[in-house]
file model11.pdb (PDB, C-alpha atoms and all ligand atoms)
MODEL        1
ATOM      1  CA  MET A   1     145.018 141.140 111.498
ATOM      2  CA  ALA A   2     141.896 142.484 109.833
ATOM      3  CA  LEU A   3     138.630 141.111 111.140
ATOM      4  CA  LYS A   4     137.817 139.513 107.796
ATOM      5  CA  ASP A   5     141.164 137.675 107.661
ATOM      6  CA  LYS A   6     140.610 136.381 111.183
ATOM      7  CA  VAL A   7     137.247 134.989 110.099
ATOM      8  CA  LEU A   8     138.732 133.443 106.973
ATOM      9  CA  ASN A   9     141.440 131.767 109.071
ATOM     10  CA  ASN A  10     138.828 129.638 110.792
ATOM     11  CA  GLU A  11     136.022 127.362 109.728
ATOM     12  CA  VAL A  12     133.155 129.369 108.248
ATOM     13  CA  PRO A  13     129.567 128.167 108.870
ATOM     14  CA  ARG A  14     127.944 126.436 105.887
ATOM     15  CA  HIS A  15     124.490 127.880 106.458
ATOM     16  CA  VAL A  16     123.747 131.277 108.033
ATOM     17  CA  ALA A  17     120.126 132.351 108.581
ATOM     18  CA  ILE A  18     119.101 135.921 109.378
ATOM     19  CA  ILE A  19     115.910 137.305 110.897
ATOM     20  CA  MET A  20     116.091 140.741 109.311
ATOM     21  CA  ASP A  21     114.234 142.643 112.006
ATOM     22  CA  GLY A  22     114.030 146.366 112.774
ATOM     23  CA  ASN A  23     113.323 148.051 109.426
ATOM     24  CA  GLY A  24     110.459 150.037 110.963
ATOM     25  CA  ARG A  25     112.400 151.195 114.033
ATOM     26  CA  TRP A  26     115.410 152.084 111.902
ATOM     27  CA  ALA A  27     113.255 154.331 109.680
ATOM     28  CA  LYS A  28     111.421 155.878 112.644
ATOM     29  CA  LYS A  29     114.727 156.889 114.220
ATOM     30  CA  ARG A  30     115.431 158.817 111.013
ATOM     31  CA  GLY A  31     112.013 160.464 110.924
ATOM     32  CA  ARG A  32     110.954 158.380 107.929
ATOM     33  CA  GLY A  33     108.035 156.040 107.244
ATOM     34  CA  ARG A  34     108.223 152.250 107.592
ATOM     35  CA  SER A  35     108.350 151.777 103.804
ATOM     36  CA  TYR A  36     111.665 153.571 103.650
ATOM     37  CA  GLY A  37     113.022 151.116 106.210
ATOM     38  CA  HIS A  38     111.767 148.169 104.177
ATOM     39  CA  GLU A  39     113.309 149.582 101.026
ATOM     40  CA  GLN A  40     116.723 150.089 102.619
ATOM     41  CA  GLY A  41     116.401 146.688 104.268
ATOM     42  CA  ALA A  42     115.777 145.034 100.905
ATOM     43  CA  LEU A  43     118.810 146.776  99.413
ATOM     44  CA  ASN A  44     120.941 145.542 102.296
ATOM     45  CA  ILE A  45     120.275 141.905 101.376
ATOM     46  CA  LYS A  46     122.521 142.422  98.377
ATOM     47  CA  ASN A  47     125.480 143.722 100.480
ATOM     48  CA  ILE A  48     125.238 140.886 102.941
ATOM     49  CA  ALA A  49     124.744 138.205 100.271
ATOM     50  CA  LEU A  50     127.819 139.385  98.361
ATOM     51  CA  GLU A  51     129.860 139.423 101.589
ATOM     52  CA  ALA A  52     128.597 135.972 102.599
ATOM     53  CA  ASN A  53     129.617 134.713  99.165
ATOM     54  CA  GLU A  54     133.118 136.159  99.561
ATOM     55  CA  LEU A  55     133.471 134.581 102.978
ATOM     56  CA  GLY A  56     132.689 131.166 101.515
ATOM     57  CA  ILE A  57     129.331 130.652 103.215
ATOM     58  CA  GLU A  58     127.333 128.116 101.173
ATOM     59  CA  VAL A  59     123.803 129.169 102.067
ATOM     60  CA  LEU A  60     122.321 132.413 103.367
ATOM     61  CA  SER A  61     118.659 132.264 104.382
ATOM     62  CA  VAL A  62     116.887 135.554 105.000
ATOM     63  CA  TYR A  63     113.481 136.017 106.596
ATOM     64  CA  ALA A  64     111.720 138.618 104.447
ATOM     65  CA  PHE A  65     108.001 138.101 105.161
ATOM     66  CA  SER A  66     106.471 135.756 107.721
ATOM     67  CA  THR A  67     103.137 133.927 107.616
ATOM     68  CA  GLU A  68     102.186 136.190 110.549
ATOM     69  CA  ASN A  69     103.137 139.437 108.796
ATOM     70  CA  TRP A  70      99.725 139.354 107.044
ATOM     71  CA  LYS A  71      98.429 140.881 110.305
ATOM     72  CA  ARG A  72     100.015 144.215 109.346
ATOM     73  CA  PRO A  73      98.132 147.129 107.752
ATOM     74  CA  LYS A  74      97.195 146.641 104.101
ATOM     75  CA  ASP A  75      99.382 149.457 102.769
ATOM     76  CA  GLU A  76     102.469 148.003 104.466
ATOM     77  CA  ILE A  77     101.685 144.532 103.095
ATOM     78  CA  ASP A  78     101.159 145.953  99.601
ATOM     79  CA  PHE A  79     104.534 147.640  99.787
ATOM     80  CA  LEU A  80     106.294 144.484 100.991
ATOM     81  CA  MET A  81     104.636 142.358  98.280
ATOM     82  CA  GLN A  82     106.145 144.379  95.452
ATOM     83  CA  LEU A  83     109.683 144.380  96.870
ATOM     84  CA  PRO A  84     111.034 141.071  95.497
ATOM     85  CA  LYS A  85     110.425 141.935  91.867
ATOM     86  CA  ARG A  86     111.418 145.574  92.212
ATOM     87  CA  PHE A  87     114.798 144.788  93.624
ATOM     88  CA  GLU A  88     115.672 142.177  91.056
ATOM     89  CA  GLU A  89     116.850 145.020  88.798
ATOM     90  CA  LYS A  90     119.329 146.123  91.445
ATOM     91  CA  TYR A  91     120.581 142.627  92.260
ATOM     92  CA  LYS A  92     120.688 140.722  89.043
ATOM     93  CA  ASP A  93     123.984 141.834  87.448
ATOM     94  CA  ASP A  94     126.078 141.395  90.597
ATOM     95  CA  PHE A  95     124.419 138.099  91.388
ATOM     96  CA  LYS A  96     125.107 136.829  87.887
ATOM     97  CA  GLU A  97     128.740 137.920  88.040
ATOM     98  CA  LYS A  98     129.258 136.209  91.407
ATOM     99  CA  ALA A  99     127.267 133.101  90.410
ATOM    100  CA  ILE A 100     124.756 133.495  93.226
ATOM    101  CA  ARG A 101     121.834 131.069  93.091
ATOM    102  CA  VAL A 102     118.491 132.334  94.385
ATOM    103  CA  VAL A 103     115.733 130.153  95.808
ATOM    104  CA  PHE A 104     112.538 131.027  97.672
ATOM    105  CA  SER A 105     110.894 129.295 100.620
ATOM    106  CA  GLY A 106     107.309 129.805 101.652
ATOM    107  CA  ARG A 107     103.716 129.624 100.474
ATOM    108  CA  ARG A 108     103.170 130.555  96.858
ATOM    109  CA  ASP A 109      99.360 130.598  96.867
ATOM    110  CA  ARG A 110      98.623 134.029  98.341
ATOM    111  CA  ILE A 111     101.472 136.288  97.195
ATOM    112  CA  GLY A 112      99.994 137.080  93.748
ATOM    113  CA  GLU A 113     100.658 135.549  90.321
ATOM    114  CA  ASP A 114     103.391 138.113  89.584
ATOM    115  CA  ASN A 115     105.489 137.077  92.561
ATOM    116  CA  LYS A 116     104.868 133.404  91.925
ATOM    117  CA  THR A 117     106.018 133.625  88.304
ATOM    118  CA  PHE A 118     108.970 135.796  89.274
ATOM    119  CA  MET A 119     110.094 133.258  91.869
ATOM    120  CA  GLU A 120     109.786 130.312  89.491
ATOM    121  CA  GLU A 121     111.709 132.138  86.771
ATOM    122  CA  THR A 122     114.449 133.298  89.149
ATOM    123  CA  GLU A 123     114.948 129.804  90.544
ATOM    124  CA  GLU A 124     115.106 128.362  87.042
ATOM    125  CA  LYS A 125     117.464 131.039  85.725
ATOM    126  CA  THR A 126     119.954 130.745  88.593
ATOM    127  CA  LYS A 127     119.747 127.018  89.330
ATOM    128  CA  ASP A 128     123.120 125.963  87.901
ATOM    129  CA  ARG A 129     125.144 128.680  89.610
ATOM    130  CA  LYS A 130     127.898 127.488  91.889
ATOM    131  CA  GLY A 131     128.330 130.385  94.327
ATOM    132  CA  LEU A 132     126.297 131.198  97.423
ATOM    133  CA  THR A 133     122.688 130.021  97.572
ATOM    134  CA  LEU A 134     120.474 132.872  98.759
ATOM    135  CA  ASN A 135     117.279 131.432 100.225
ATOM    136  CA  ILE A 136     114.657 134.166 100.496
ATOM    137  CA  CYS A 137     111.922 133.207 102.945
ATOM    138  CA  PHE A 138     108.754 134.963 101.835
ATOM    139  CA  ASP A 139     105.288 134.186 103.201
ATOM    140  CA  TYR A 140     107.341 131.738 105.199
ATOM    141  CA  GLY A 141     106.573 130.122 108.567
ATOM    142  CA  GLY A 142     108.430 127.231 110.177
ATOM    143  CA  GLN A 143     105.185 125.589 111.278
ATOM    144  CA  THR A 144     103.640 125.960 107.821
ATOM    145  CA  GLU A 145     106.752 124.406 106.291
ATOM    146  CA  MET A 146     106.371 121.360 108.536
ATOM    147  CA  LEU A 147     102.684 121.156 107.650
ATOM    148  CA  HIS A 148     103.662 121.304 103.967
ATOM    149  CA  SER A 149     106.068 118.416 104.503
ATOM    150  CA  MET A 150     103.529 116.343 106.412
ATOM    151  CA  SER A 151     100.776 116.940 103.825
ATOM    152  CA  SER A 152     103.081 115.866 100.984
ATOM    153  CA  ILE A 153     103.955 112.712 102.898
ATOM    154  CA  ALA A 154     100.296 111.999 103.726
ATOM    155  CA  LYS A 155      99.400 112.252 100.032
ATOM    156  CA  LYS A 156     101.990 109.617  99.169
ATOM    157  CA  VAL A 157     100.725 107.314 101.903
ATOM    158  CA  GLU A 158      97.168 107.810 100.676
ATOM    159  CA  ALA A 159      98.213 107.073  97.084
ATOM    160  CA  GLY A 160      99.942 103.902  98.277
ATOM    161  CA  THR A 161     103.428 104.946  97.129
ATOM    162  CA  LEU A 162     104.806 105.198 100.681
ATOM    163  CA  TYR A 163     104.258 102.963 103.715
ATOM    164  CA  ALA A 164     103.498 104.855 106.934
ATOM    165  CA  GLU A 165     106.008 102.564 108.701
ATOM    166  CA  ALA A 166     108.732 103.750 106.321
ATOM    167  CA  ILE A 167     108.501 107.379 107.439
ATOM    168  CA  THR A 168     111.695 108.547 109.105
ATOM    169  CA  LEU A 169     113.227 111.866 110.098
ATOM    170  CA  ASP A 170     114.816 111.939 106.655
ATOM    171  CA  THR A 171     111.396 111.575 105.024
ATOM    172  CA  LEU A 172     110.205 114.640 106.897
ATOM    173  CA  LYS A 173     113.317 116.605 106.017
ATOM    174  CA  ASN A 174     113.109 115.576 102.367
ATOM    175  CA  HIS A 175     109.671 117.135 102.020
ATOM    176  CA  LEU A 176     110.623 120.581 103.336
ATOM    177  CA  TYR A 177     110.691 123.439 100.797
ATOM    178  CA  HIS A 178     114.406 122.997 100.011
ATOM    179  CA  PRO A 179     115.664 119.656 101.327
ATOM    180  CA  GLU A 180     118.998 120.151  99.562
ATOM    181  CA  LEU A 181     119.976 122.937 101.979
ATOM    182  CA  PRO A 182     122.091 121.893 104.982
ATOM    183  CA  ALA A 183     121.000 122.548 108.588
ATOM    184  CA  VAL A 184     121.497 126.100 109.842
ATOM    185  CA  ASP A 185     124.793 126.602 111.709
ATOM    186  CA  LEU A 186     124.341 130.212 112.749
ATOM    187  CA  MET A 187     121.107 132.160 113.219
ATOM    188  CA  ILE A 188     121.403 135.929 113.513
ATOM    189  CA  ARG A 189     118.552 138.181 114.647
ATOM    190  CA  THR A 190     118.985 141.930 114.331
ATOM    191  CA  SER A 191     117.262 144.676 116.303
ATOM    192  CA  GLY A 192     117.279 143.309 119.835
ATOM    193  CA  ALA A 193     114.387 140.840 120.156
ATOM    194  CA  LYS A 194     115.417 137.384 121.356
ATOM    195  CA  ARG A 195     112.901 135.082 119.743
ATOM    196  CA  ILE A 196     112.554 132.841 116.694
ATOM    197  CA  SER A 197     109.225 134.249 115.410
ATOM    198  CA  ASN A 198     108.423 130.977 113.588
ATOM    199  CA  PHE A 199     111.636 130.904 111.519
ATOM    200  CA  MET A 200     113.109 127.602 110.245
ATOM    201  CA  LEU A 201     112.009 125.545 113.248
ATOM    202  CA  TRP A 202     113.301 122.286 111.788
ATOM    203  CA  GLN A 203     116.583 123.612 110.409
ATOM    204  CA  LEU A 204     117.528 125.529 113.582
ATOM    205  CA  SER A 205     117.609 122.483 115.866
ATOM    206  CA  TYR A 206     121.369 122.773 116.566
ATOM    207  CA  ALA A 207     122.070 126.284 115.287
ATOM    208  CA  GLU A 208     124.064 128.764 117.345
ATOM    209  CA  PHE A 209     122.114 131.974 117.998
ATOM    210  CA  TYR A 210     123.563 135.477 117.728
ATOM    211  CA  PHE A 211     121.544 138.538 118.710
ATOM    212  CA  THR A 212     122.499 142.134 118.010
ATOM    213  CA  ASN A 213     120.757 145.443 118.743
ATOM    214  CA  THR A 214     121.704 146.797 115.310
ATOM    215  CA  HIS A 215     118.645 147.292 113.103
ATOM    216  CA  TRP A 216     118.671 145.336 109.840
ATOM    217  CA  PRO A 217     119.322 148.245 107.394
ATOM    218  CA  ALA A 218     122.387 149.167 109.500
ATOM    219  CA  PHE A 219     123.747 145.597 109.683
ATOM    220  CA  LYS A 220     126.732 145.793 107.330
ATOM    221  CA  GLU A 221     129.623 143.563 106.232
ATOM    222  CA  LYS A 222     131.618 144.270 109.416
ATOM    223  CA  GLN A 223     128.681 143.174 111.596
ATOM    224  CA  LEU A 224     128.450 139.901 109.685
ATOM    225  CA  GLN A 225     132.163 139.323 110.185
ATOM    226  CA  LYS A 226     131.767 140.038 113.919
ATOM    227  CA  ALA A 227     128.933 137.527 114.177
ATOM    228  CA  LEU A 228     131.019 134.875 112.395
ATOM    229  CA  LEU A 229     134.006 135.486 114.655
ATOM    230  CA  ASN A 230     131.757 135.074 117.675
ATOM    231  CA  PHE A 231     130.349 131.840 116.184
ATOM    232  CA  GLN A 232     133.861 130.502 115.625
ATOM    233  CA  GLN A 233     134.580 130.780 119.346
ATOM    234  CA  ARG A 234     131.691 128.557 120.375
ATOM    235  CA  ASP A 235     131.870 124.890 121.257
ATOM    236  CA  ARG A 236     129.267 122.901 119.362
ATOM    237  CA  LYS A 237     128.493 119.502 120.806
ATOM    238  CA  PHE A 238     125.297 118.287 119.095
ATOM    239  CA  GLY A 239     124.372 116.386 122.228
ATOM    240  CA  GLY A 240     127.715 114.613 122.400
ATOM    241  CA  LEU A 241     130.978 115.487 124.100
ATOM    242  CA  LEU A 242     133.602 117.914 122.912
ATOM    243  CA  LYS A 243     135.882 116.393 120.299
ATOM    244  CA  LYS A 244     138.926 118.443 121.182
ATOM    245  CA  LYS A 245     139.925 120.801 123.963
ATOM    246  CA  ARG A 246     140.808 124.226 122.758
TER     247      ARG A 246
HETATM  248  C1  LIG B 301     111.467 143.479 109.604
HETATM  249  O1  LIG B 301     111.306 144.769 110.101
HETATM  250  C2  LIG B 301     110.827 143.298 108.248
HETATM  251  C3  LIG B 301     109.566 142.536 108.279
HETATM  252  C4  LIG B 301     109.087 141.903 109.314
HETATM  253  C5  LIG B 301     108.801 142.496 107.049
HETATM  254  P1  LIG B 301     110.003 145.187 110.903
HETATM  255  O2  LIG B 301     109.005 145.707 109.930
HETATM  256  O3  LIG B 301     109.533 144.084 111.765
HETATM  257  O4  LIG B 301     110.581 146.378 111.782
HETATM  258  P2  LIG B 301     110.252 146.682 113.302
HETATM  259  O5  LIG B 301     110.447 145.427 114.072
HETATM  260  O6  LIG B 301     108.812 147.129 113.320
HETATM  261  O7  LIG B 301     111.184 147.758 113.684
HETATM  262  C1  LIG B 302     110.138 138.462 112.041
HETATM  263  O1  LIG B 302     110.013 139.787 112.411
HETATM  264  C2  LIG B 302     109.756 138.276 110.616
HETATM  265  C3  LIG B 302     110.665 138.869 109.631
HETATM  266  C4  LIG B 302     111.808 139.440 109.883
HETATM  267  C5  LIG B 302     110.235 138.751 108.249
HETATM  268  P1  LIG B 302     108.683 140.332 113.090
HETATM  269  O2  LIG B 302     108.916 141.777 113.378
HETATM  270  O3  LIG B 302     107.496 139.994 112.273
HETATM  271  O4  LIG B 302     108.629 139.465 114.433
HETATM  272  P2  LIG B 302     107.885 139.748 115.809
HETATM  273  O5  LIG B 302     106.466 140.110 115.474
HETATM  274  O6  LIG B 302     108.601 140.894 116.462
HETATM  275  O7  LIG B 302     108.027 138.483 116.582
HETATM  276 MG    MG B 303     109.860 143.512 113.690
ENDMDL
END

call {"tool": "encode", "arguments": {"input": "model11.pdb", "output": "structure tokens", "more": "lines below"}}
Ligand code: IPE
Ligand code: IPE
Ligand code: MG
result
Amino acid sequence: MALKDKVLNNEVPRHVAIIMDGNGRWAKKRGRGRSYGHEQGALNIKNIALEANELGIEVLSVYAFSTENWKRPKDEIDFLMQLPKRFEEKYKDDFKEKAIRVVFSGRRDRIGEDNKTFMEETEEKTKDRKGLTLNICFDYGGQTEMLHSMSSIAKKVEAGTLYAEAITLDTLKNHLYHPELPAVDLMIRTSGAKRISNFMLWQLSYAEFYFTNTHWPAFKEKQLQKALLNFQQRDRKFGGLLKKKR
């Protein structure tokens, strides 16, 4: 049986999150500059999003720029900042045809007006689509997202619209960037490093982790299928006991 059919024969994760690492190393191996790696990496989001949609995954979160990536050289940051808008041209027809909804997570106050407007318009334009939700994490940090949630809650307490005693785990969750998204089931990190690098700290609490040495621009449909097959063989317990013996 083809790998894809095997995957489709089992339960597919609702939410897959990917740390798209290794653009720079991938380009270096080919004697090219880091920008080339970032460009090919950005193009690859489309392949993987379309495949995720076909596989019936509900949400795909991708880590595109972290709150720590501002430490990089200015020319690299400038290049990364103009990627979202530039690639819309290459994505938009396929995404429309496949009814893919696009949302963004992250800070909006230091990425430039252009990006901010582009994100708002994209979210508005795609909001009623019923296919995959692609959550692009840009100027995103898990700790900053929790701070964002806590600040929003504090403002309500201060305004007297929320009692401090009424704050629950759900309150915290409901003030994250996109509370409507389910918890992450499978987190994939490409390019060999085995760390979270401040990605979706809240949402990853019971995610299964999958690490591969493949650099992000080389991570293709087959690799996604392989990761899903591996995920399907795991026993998830959520702190309880196994429901059924395999
Ligand atoms: C991931 O690739 C993309 C971003 C972090 C923006 P890197 O740029 O981290 O590539 P490596 O890790 O240096 O190879
Ligand atoms: C994580 O990759 C961030 C993104 C993929 C956007 P990094 O390359 O920034 O992570 P570290 O520095 O190796 O932890
Ligand atoms: Mg990296």

call {"tool": "residues_near_ligand", "arguments": {"input": "model11.pdb", "ligand": "ligand LIG 302 (chain B)", "cutoff": "8 Å", "atoms": "all atoms listed in the file", "output": "number ranges by chain"}}
result
A: 19-22, 63-66, 68-69, 137-138, 193, 195-199

call {"tool": "closest_residue", "arguments": {"input": "model11.pdb", "among": "A:Phe231, A:Trp216, A:Ile77, A:Arg86", "to": "ligand MG 303 (chain B)", "atoms": "only C-alpha atoms and all ligand atoms"}}
result
A:Trp216

call {"tool": "resolve_selection", "arguments": {"input": "model11.pdb", "expression": "the PyMOL selection byres (((chain A and resi 148) around 12) and not hetatm)", "output": "count of residues only"}}
result
26

call {"tool": "atom_distance", "arguments": {"input": "model11.pdb", "atom1": "atom CA of A:Glu54", "atom2": "atom CA of A:Thr126"}}
result
18.0 Å

call {"tool": "closest_residue", "arguments": {"input": "model11.pdb", "among": "A:Tyr163, A:Trp202, A:Phe219, A:Phe95", "to": "A:Thr190", "atoms": "only C-alpha atoms"}}
result
A:Phe219

call {"tool": "axis_aligned_box", "arguments": {"input": "model11.pdb", "around": "stretch 239-244 of chain A", "padding_each_side": "4 Å", "output": "lines of an AutoDock Vina configuration file"}}
result
center_x = 131.6
center_y = 116.5
center_z = 122.2
size_x = 22.6
size_y = 11.8
size_z = 11.8

call {"tool": "closest_residue", "arguments": {"input": "model11.pdb", "among": "A:Glu51, A:Glu88, A:Glu221, A:Asp109", "to": "A:Gly131", "atoms": "all atoms listed in the file"}}
result
A:Glu51

call {"tool": "resolve_selection", "arguments": {"input": "model11.pdb", "expression": "the PyMOL selection byres (((chain A and resi 236) around 12) and not hetatm)", "output": "ChimeraX atom specification"}}
result
/A:13,185-186,206-209,231-235,237-245

call {"tool": "atom_distance", "arguments": {"input": "model11.pdb", "atom1": "atom CA of A:Leu169", "atom2": "atom CA of A:Leu204"}}
result
14.7 Å

call {"tool": "resolve_selection", "arguments": {"input": "model11.pdb", "expression": "the PyMOL selection byres (((chain A and resi 39) around 10) and not hetatm)", "output": "PyMOL selection string"}}
result
chain A and resi 23+27+34-38+40-44+79-80+83+86-87+217

call {"tool": "residues_around", "arguments": {"input": "model11.pdb", "residues": "A:Lys98", "least_positions_apart": "6", "cutoff": "9 Å", "atoms": "all atoms listed in the file", "output": "count of residues only"}}
result
6

call {"tool": "closest_residue", "arguments": {"input": "model11.pdb", "among": "A:Ser205, A:Gln225, A:Thr171, A:Ser191", "to": "ligand MG 303 (chain B)", "atoms": "all atoms listed in the file"}}
result
A:Ser191

call {"tool": "closest_residue", "arguments": {"input": "model11.pdb", "among": "A:Tyr91, A:His215, A:Lys226, A:Lys74", "to": "A:Lys6", "atoms": "only C-alpha atoms"}}
result
A:Lys226

call {"tool": "closest_residue", "arguments": {"input": "model11.pdb", "among": "A:Met187, A:Met81, A:Val102, A:Leu8", "to": "ligand LIG 301 (chain B)", "atoms": "all atoms listed in the file"}}
result
A:Met81

call {"tool": "atom_distance", "arguments": {"input": "model11.pdb", "atom1": "atom CA of A:Ile111", "atom2": "atom P1 of ligand LIG 301 (chain B)"}}
result
18.4 Å
